[in-house]
Amino acid sequence: AEDEVSAMQGVRALKVEYEELPFVLDVQKAMEPDAPCIHENFPGNILKHTDIRKGNYQQAIKEPGLIKVEGWYNTPTVQHSHIENHGCYAYEENGRIVVVSSTQIPHIIRRIVGQALGRPWADIRVIKPYIGGGFGNKQDALYEPLCAWCSTQVHGKCVRIDCSREETFVSNRVRHSIRFHIITWLHKDGSIAARKVECFSNQGAYASHGHSIVAKAMGSFPQIYPCDNFEGDAYTVYTNRPAAGAMRGYGIPQMMFAMESHVDDIARRLNIPPLRLRQMNLMEVGYRDSFSKNENYFDSFNQCIKKGMEYIDYDRKLEEFSHDTGDIRRGIGMAVFWYNTAVWPISLESSSCRMVLNQDGSVQLQLAETEIGQGADTAFSQMAAEELGIPLKKVHIISAQDTDVTPFGTGAYASRQTYVGGFAVQQTARIMKERILNYAHELTRMTVHNLDIEDGYIININNSRRLMSLAELATTALYSLEHSRHITAESTYQVKSNAYSFGCSFAEVEVDIPLCKVKLVNMINVHDCGRLINPALAAAQVHGGMSMAIGYGLSEQLLYDKKTGRPLNNNLLDYKLSTTMDHPHLEARFVENYEPTSAYGTKALGEPPATSGAPAIRNAVLNATGVEIDTAPLTPHVLFERFREEGLI
């Protein structure tokens, strides 16, 4: 169609005959022998099954006197709900295809479009403008290959594919709904003897990021609470739900809800304070993972827990709330989290950076690591300014990526950018600085080791005397009749390390038992994300993640008609996002332990804030009511059933 109105008229004129087929929505029912087969090559609808075997679980559980605690935990299907819907357009130019897309991964999109169309990758140009959020939904090739192909079918004219908000819920990606079965065997003192975990991930109809999400979730169990005897099985299963893919946290929000709910359940059975039980069993300082080679260098868990307890006045409120017996009861709960930084050694981690010295002494900065609203460009600019010795306002970062000119990088995901991109910025800035000082040596006749750059000026380090401004040097370099030079630097840094991020959430709630309603009264997240490059941006990241966690814990879920399989609430009226009206004051605090494997001491912060809030809220409700709620979100419908079962209603 030539325009959107004509397109909608064309859609309304279409007449379609559908053959109704049987469908399955539940992850475990899809594995049953008589379930509809969604893809012929996947018997039992199982996309993938992997396992972990550590020690000897079967032998360990035979030890006399062990206490068994078992639970099933369910997490919902949710959608990213970023401000800007996904959209792209494509056209041909000089025999090449140009795709402009709201994506997190422009260089990867270039490869996929080339593969899909059978064209050399050099024939494809992908441009990523400044975009309105992604949270992982745009960490996938959604419509770019189709859009590019459509353009080729109309002689290279521009073709645009946009999604309505309603379509994002069913035709983009969603977060995997994962069901967990956890069995923990404990000694009477609360130490873990053995653990068995089964994870069933609802993939929806197509693979997308598929099994990697639940595999990461399962792999985190024996790390956050190390256990010598562990059995884990993870299944990714096709159903007739929307395709699930990457979403902020990549399996860890699901895992943390299950694991941290289970820990509080154990504490109640053993009559041990939940905090003490955690501190007995959490990953200790010096722990080293045999696969990732990650090491826990600091007592981050206890440091974060202490800050959270002090802020929320945990001990006093725990005692005070224990006396509540009326219709409205108060509760306080907490949960910890664990997170990796980036994806090494599972996949490639490298970043490239380019710097150009402008005539006025400012620096142009360019990376493939994408800005999607998280503040990466600001952090990279601060790194460059610090390394080069110039004011921040003199760093001009290019926020848009263009695969024709932007150096290669894999994009925004896995909380990788300040960690991985930081190495590239640091290395390139040092090359740039060396070239600037070498040219300054020609102009001043001073040896390079006596020169430095400070606040945008070439200085003599022996007496801090300013010799010339960077602008004077740059202009001279460009126009010199003796030695004209355009000073630039570009480099690639491949990262072969990873880093643990740690932290916790504390939540205070009021539970109205007759109304089956939870009011969140107070909440704090405490993070060890290494050195803070920009404290204000770090706090903003945490506030945003806490907001997502509140929705995950209390209200957000995509619902389906059991008779037809159709989504019931794929719009922002009926899909209950948490808003500012649902938030108390959100407090963000930090423990700054300088990460020794990082260029600037930083590590993951983008995703961790969304991981521990929901179980903290759940555990606060447990503390208030004594009722274990093992399904998220904790809606009035869920609470009503559990309160009735436990005799509160």
# chains A, B, ... in the order shown; residues from 1 in each chain; ligands from 1
$ residues_around --residues "stretch 390-404 of chain A" --least-positions-apart "5" --cutoff "8 Å" --atoms "only C-alpha atoms" --output "count of residues only"
29
$ closest_atom_pairs --of "stretch 295-402 of chain A" --to "stretch 604-612 of chain A" --cutoff "6 Å" --atoms "only C-alpha atoms" --output "JSON lines"
{"residue": "A:Ala335", "atom": "CA", "partner": "A:Ser612", "partner_atom": "CA", "distance": 5.6}
{"residue": "A:Val336", "atom": "CA", "partner": "A:Ser612", "partner_atom": "CA", "distance": 6.0}
{"residue": "A:Phe337", "atom": "CA", "partner": "A:Ser612", "partner_atom": "CA", "distance": 5.6}
{"residue": "A:Thr341", "atom": "CA", "partner": "A:Ala604", "partner_atom": "CA", "distance": 4.9}
$ residues_around --residues "stretch 426-436 of chain A" --least-positions-apart "2" --cutoff "8 Å" --atoms "only C-alpha atoms" --output "MDAnalysis selection string"
chainID A and resid 353:355 383:384 387:388 422:424 438:440 453 487:491 493 599
$ write_last_selection --atoms "all heavy atoms" --output "compact mmCIF listing (two decimals), in the first residue's frame"
# COMPACT_ATOMS: atom_id res chain seq x y z
N CYS A 353 36.29 0.30 18.58
CA CYS A 353 36.07 1.73 18.86
C CYS A 353 36.89 2.56 17.88
O CYS A 353 37.99 2.17 17.48
CB CYS A 353 36.50 2.03 20.30
SG CYS A 353 36.41 3.77 20.78
N ARG A 354 36.32 3.69 17.49
CA ARG A 354 37.02 4.63 16.61
C ARG A 354 36.98 6.03 17.24
O ARG A 354 35.94 6.46 17.75
CB ARG A 354 36.37 4.67 15.23
CG ARG A 354 37.03 5.69 14.27
CD ARG A 354 36.30 5.76 12.93
NE ARG A 354 36.35 4.48 12.25
CZ ARG A 354 35.29 3.86 11.73
NH1 ARG A 354 34.10 4.41 11.82
NH2 ARG A 354 35.42 2.71 11.11
N MET A 355 38.11 6.71 17.20
CA MET A 355 38.19 8.10 17.68
C MET A 355 38.83 8.97 16.61
O MET A 355 39.79 8.55 15.95
CB MET A 355 39.00 8.19 18.98
CG MET A 355 38.36 7.51 20.16
SD MET A 355 39.32 7.73 21.67
CE MET A 355 38.36 6.74 22.82
N MET A 383 34.39 7.70 29.95
CA MET A 383 35.62 6.90 29.88
C MET A 383 36.64 7.54 28.96
O MET A 383 37.82 7.66 29.30
CB MET A 383 35.29 5.49 29.38
CG MET A 383 34.44 4.65 30.31
SD MET A 383 33.97 3.09 29.49
CE MET A 383 32.95 2.33 30.76
N ALA A 384 36.18 7.94 27.78
CA ALA A 384 37.09 8.55 26.80
C ALA A 384 37.68 9.85 27.32
O ALA A 384 38.88 10.11 27.17
CB ALA A 384 36.35 8.79 25.48
N GLU A 387 40.33 9.11 29.97
CA GLU A 387 41.54 8.50 29.43
C GLU A 387 42.36 9.51 28.62
O GLU A 387 43.60 9.50 28.67
CB GLU A 387 41.16 7.31 28.56
CG GLU A 387 42.23 6.26 28.42
CD GLU A 387 42.48 5.50 29.72
OE1 GLU A 387 41.52 5.06 30.37
OE2 GLU A 387 43.67 5.36 30.06
N LEU A 388 41.66 10.38 27.87
CA LEU A 388 42.36 11.33 26.99
C LEU A 388 42.80 12.59 27.72
O LEU A 388 43.67 13.32 27.22
CB LEU A 388 41.43 11.72 25.83
CG LEU A 388 41.17 10.64 24.77
CD1 LEU A 388 40.06 11.08 23.83
CD2 LEU A 388 42.44 10.33 23.98
N GLY A 422 34.12 -0.88 27.48
CA GLY A 422 35.12 -0.11 28.23
C GLY A 422 36.54 -0.45 27.84
O GLY A 422 37.41 0.42 27.76
N PHE A 423 36.79 -1.76 27.59
CA PHE A 423 38.13 -2.17 27.16
C PHE A 423 38.50 -1.51 25.83
O PHE A 423 39.62 -1.04 25.64
CB PHE A 423 38.19 -3.69 27.01
CG PHE A 423 38.29 -4.44 28.30
CD1 PHE A 423 37.18 -5.06 28.85
CD2 PHE A 423 39.50 -4.54 28.97
CE1 PHE A 423 37.28 -5.77 30.03
CE2 PHE A 423 39.61 -5.25 30.16
CZ PHE A 423 38.49 -5.87 30.69
N ALA A 424 37.52 -1.50 24.88
CA ALA A 424 37.79 -0.93 23.56
C ALA A 424 38.02 0.57 23.64
O ALA A 424 38.91 1.12 22.97
CB ALA A 424 36.63 -1.24 22.61
N ASN A 438 52.86 12.27 20.36
CA ASN A 438 53.96 12.17 19.39
C ASN A 438 53.98 13.39 18.48
O ASN A 438 55.05 13.91 18.12
CB ASN A 438 53.80 10.90 18.54
CG ASN A 438 54.29 9.65 19.28
OD1 ASN A 438 55.15 9.73 20.14
ND2 ASN A 438 53.73 8.50 18.94
N TYR A 439 52.79 13.86 18.09
CA TYR A 439 52.74 15.07 17.27
C TYR A 439 53.13 16.30 18.10
O TYR A 439 53.80 17.22 17.61
CB TYR A 439 51.35 15.26 16.66
CG TYR A 439 51.37 16.17 15.45
CD1 TYR A 439 51.60 15.66 14.18
CD2 TYR A 439 51.20 17.55 15.59
CE1 TYR A 439 51.65 16.49 13.07
CE2 TYR A 439 51.25 18.39 14.49
CZ TYR A 439 51.47 17.85 13.23
OH TYR A 439 51.53 18.68 12.14
N ALA A 440 52.70 16.30 19.39
CA ALA A 440 53.09 17.41 20.27
C ALA A 440 54.60 17.48 20.43
O ALA A 440 55.19 18.57 20.54
CB ALA A 440 52.41 17.25 21.63
N ILE A 453 48.28 15.25 28.58
CA ILE A 453 47.11 16.06 28.24
C ILE A 453 46.29 16.24 29.50
O ILE A 453 45.96 15.26 30.18
CB ILE A 453 46.25 15.39 27.15
CG1 ILE A 453 47.09 15.02 25.93
CG2 ILE A 453 45.09 16.30 26.74
CD1 ILE A 453 46.34 14.18 24.90
N ILE A 487 44.65 13.04 12.80
CA ILE A 487 44.95 12.13 13.91
C ILE A 487 43.69 11.35 14.28
O ILE A 487 42.68 11.91 14.71
CB ILE A 487 45.49 12.91 15.12
CG1 ILE A 487 46.78 13.66 14.72
CG2 ILE A 487 45.76 11.95 16.28
CD1 ILE A 487 47.35 14.54 15.82
N THR A 488 43.77 10.05 14.10
CA THR A 488 42.66 9.15 14.43
C THR A 488 43.22 7.91 15.11
O THR A 488 44.43 7.65 15.08
CB THR A 488 41.88 8.70 13.17
OG1 THR A 488 42.73 7.88 12.37
CG2 THR A 488 41.41 9.89 12.36
N ALA A 489 42.31 7.13 15.69
CA ALA A 489 42.70 5.84 16.29
C ALA A 489 41.51 4.90 16.20
O ALA A 489 40.36 5.30 16.30
CB ALA A 489 43.13 6.02 17.73
N GLU A 490 41.81 3.64 15.97
CA GLU A 490 40.76 2.62 15.92
C GLU A 490 41.36 1.30 16.38
O GLU A 490 42.49 0.97 16.03
CB GLU A 490 40.20 2.49 14.50
CG GLU A 490 39.03 1.53 14.40
CD GLU A 490 38.32 1.61 13.05
OE1 GLU A 490 38.52 2.61 12.34
OE2 GLU A 490 37.58 0.68 12.72
N SER A 491 40.60 0.56 17.19
CA SER A 491 41.11 -0.73 17.65
C SER A 491 39.96 -1.64 18.06
O SER A 491 38.83 -1.20 18.28
CB SER A 491 42.07 -0.56 18.84
OG SER A 491 41.36 -0.21 20.02
N TYR A 493 39.05 -4.83 20.79
CA TYR A 493 39.48 -5.54 22.00
C TYR A 493 38.59 -6.75 22.19
O TYR A 493 37.37 -6.63 22.28
CB TYR A 493 39.38 -4.64 23.24
CG TYR A 493 40.16 -5.16 24.43
CD1 TYR A 493 41.36 -4.59 24.79
CD2 TYR A 493 39.70 -6.25 25.17
CE1 TYR A 493 42.09 -5.06 25.88
CE2 TYR A 493 40.43 -6.74 26.24
CZ TYR A 493 41.62 -6.14 26.60
OH TYR A 493 42.35 -6.63 27.66
N ALA A 599 38.13 -3.09 32.75
CA ALA A 599 38.97 -1.95 32.37
C ALA A 599 38.80 -0.77 33.33
O ALA A 599 39.75 -0.08 33.66
CB ALA A 599 38.64 -1.51 30.94
$ select_by_dssp --residues "stretch 112-312 of chain A" --states "strand (DSSP E)" --output "NGL selection string"
:A and (124-128 or 159-162 or 177-186 or 192-204 or 230-238)
$ write_last_selection --atoms "C-alpha atoms" --output "PDB file, in the first residue's frame"
ATOM      1  CA  ILE A 124      23.399  -4.971   3.070  1.00  0.00           C
ATOM      2  CA  ARG A 125      23.567  -1.720   5.012  1.00  0.00           C
ATOM      3  CA  VAL A 126      21.805  -1.483   8.381  1.00  0.00           C
ATOM      4  CA  ILE A 127      21.211   1.833  10.139  1.00  0.00           C
ATOM      5  CA  LYS A 128      20.122   2.006  13.780  1.00  0.00           C
ATOM      6  CA  VAL A 159       8.833  -0.599   2.292  1.00  0.00           C
ATOM      7  CA  ARG A 160       7.932  -0.011   5.932  1.00  0.00           C
ATOM      8  CA  ILE A 161       6.754  -2.596   8.438  1.00  0.00           C
ATOM      9  CA  ASP A 162       5.498  -1.283  11.758  1.00  0.00           C
ATOM     10  CA  SER A 177       7.184 -18.457  31.317  1.00  0.00           C
ATOM     11  CA  ILE A 178       9.219 -21.037  33.246  1.00  0.00           C
ATOM     12  CA  ARG A 179       7.891 -23.614  35.724  1.00  0.00           C
ATOM     13  CA  PHE A 180      10.333 -24.925  38.328  1.00  0.00           C
ATOM     14  CA  HIS A 181      10.263 -28.044  40.473  1.00  0.00           C
ATOM     15  CA  ILE A 182      12.807 -27.793  43.297  1.00  0.00           C
ATOM     16  CA  ILE A 183      13.695 -30.452  45.859  1.00  0.00           C
ATOM     17  CA  THR A 184      16.236 -29.533  48.518  1.00  0.00           C
ATOM     18  CA  TRP A 185      17.620 -31.925  51.125  1.00  0.00           C
ATOM     19  CA  LEU A 186      19.013 -30.218  54.216  1.00  0.00           C
ATOM     20  CA  ILE A 192      22.330 -27.990  51.969  1.00  0.00           C
ATOM     21  CA  ALA A 193      23.094 -31.679  51.436  1.00  0.00           C
ATOM     22  CA  ALA A 194      21.644 -32.113  47.939  1.00  0.00           C
ATOM     23  CA  ARG A 195      19.341 -30.417  45.464  1.00  0.00           C
ATOM     24  CA  LYS A 196      17.336 -31.461  42.422  1.00  0.00           C
ATOM     25  CA  VAL A 197      15.854 -28.932  39.980  1.00  0.00           C
ATOM     26  CA  GLU A 198      13.608 -29.355  36.952  1.00  0.00           C
ATOM     27  CA  CYS A 199      12.934 -26.341  34.717  1.00  0.00           C
ATOM     28  CA  PHE A 200      10.199 -26.291  32.060  1.00  0.00           C
ATOM     29  CA  SER A 201      10.459 -23.291  29.732  1.00  0.00           C
ATOM     30  CA  ASN A 202       7.452 -22.285  27.619  1.00  0.00           C
ATOM     31  CA  GLN A 203       9.007 -21.314  24.300  1.00  0.00           C
ATOM     32  CA  GLY A 204       5.869 -20.470  22.351  1.00  0.00           C
ATOM     33  CA  PHE A 230      23.153 -31.433  42.361  1.00  0.00           C
ATOM     34  CA  GLU A 231      20.921 -32.712  39.584  1.00  0.00           C
ATOM     35  CA  GLY A 232      19.363 -30.286  37.135  1.00  0.00           C
ATOM     36  CA  ASP A 233      17.231 -30.820  34.040  1.00  0.00           C
ATOM     37  CA  ALA A 234      16.098 -28.020  31.749  1.00  0.00           C
ATOM     38  CA  TYR A 235      13.485 -28.415  29.015  1.00  0.00           C
ATOM     39  CA  THR A 236      12.520 -25.856  26.393  1.00  0.00           C
ATOM     40  CA  VAL A 237       9.128 -26.768  24.978  1.00  0.00           C
ATOM     41  CA  TYR A 238       7.118 -25.523  21.999  1.00  0.00           C
TER      42      TYR A 238
END
$ closest_residue --among "A:Ala624, A:Ala267, A:Val113, A:Val356" --to "A:Ile513" --atoms "only C-alpha atoms"
A:Ala624
$ closest_residue --among "A:Ser547, A:Gln58, A:Thr492, A:Thr50" --to "A:Met218" --atoms "only C-alpha atoms"
A:Thr50
$ select_by_dssp --residues "stretch 412-508 of chain A" --states "helix (DSSP H, G or I)" --output "VMD selection string"
chain A and resid 417 to 444 448 to 450 470 to 479
$ closest_atom_pairs --of "stretch 533-641 of chain A" --to "stretch 296-320 of chain A" --cutoff "8 Å" --atoms "only C-alpha atoms" --output "Markdown table"
| residue | atom | partner | partner_atom | distance |
| --- | --- | --- | --- | --- |
| A:Arg589 | CA | A:Lys307 | CA | 7.6 |
| A:Phe590 | CA | A:Cys304 | CA | 7.5 |
| A:Val591 | CA | A:Cys304 | CA | 6.4 |
| A:Asn593 | CA | A:Phe298 | CA | 7.2 |
$ closest_residue --among "A:Ala90, A:Val285, A:Ala246, A:Leu478" --to "A:Ala414" --atoms "only C-alpha atoms"
A:Ala246
$ decode --residues "stretch 393-415 of chain A" --atoms "C-alpha atoms" --output "PDB file, in the first residue's frame"
ATOM      1  CA  LYS A 393      31.815  18.216  26.703  1.00  0.00           C
ATOM      2  CA  LYS A 394      34.655  17.784  24.213  1.00  0.00           C
ATOM      3  CA  VAL A 395      33.663  14.168  23.497  1.00  0.00           C
ATOM      4  CA  HIS A 396      31.032  13.864  20.767  1.00  0.00           C
ATOM      5  CA  ILE A 397      29.703  10.314  20.589  1.00  0.00           C
ATOM      6  CA  ILE A 398      27.750   9.137  17.548  1.00  0.00           C
ATOM      7  CA  SER A 399      24.585   7.568  18.944  1.00  0.00           C
ATOM      8  CA  ALA A 400      23.360   6.088  15.651  1.00  0.00           C
ATOM      9  CA  GLN A 401      25.022   3.005  14.205  1.00  0.00           C
ATOM     10  CA  ASP A 402      25.558   2.469  10.475  1.00  0.00           C
ATOM     11  CA  THR A 403      27.148  -0.822   9.428  1.00  0.00           C
ATOM     12  CA  ASP A 404      28.844   0.945   6.481  1.00  0.00           C
ATOM     13  CA  VAL A 405      30.900   3.112   8.802  1.00  0.00           C
ATOM     14  CA  THR A 406      30.479   1.936  12.409  1.00  0.00           C
ATOM     15  CA  PRO A 407      33.234  -0.392  13.639  1.00  0.00           C
ATOM     16  CA  PHE A 408      32.085  -3.933  14.368  1.00  0.00           C
ATOM     17  CA  GLY A 409      30.443  -4.889  17.648  1.00  0.00           C
ATOM     18  CA  THR A 410      27.642  -7.207  18.624  1.00  0.00           C
ATOM     19  CA  GLY A 411      25.297  -4.703  20.266  1.00  0.00           C
ATOM     20  CA  ALA A 412      23.329  -4.117  23.442  1.00  0.00           C
ATOM     21  CA  TYR A 413      22.561  -7.197  25.531  1.00  0.00           C
ATOM     22  CA  ALA A 414      23.796  -9.287  28.465  1.00  0.00           C
ATOM     23  CA  SER A 415      24.688  -6.240  30.600  1.00  0.00           C
TER      24      SER A 415
END
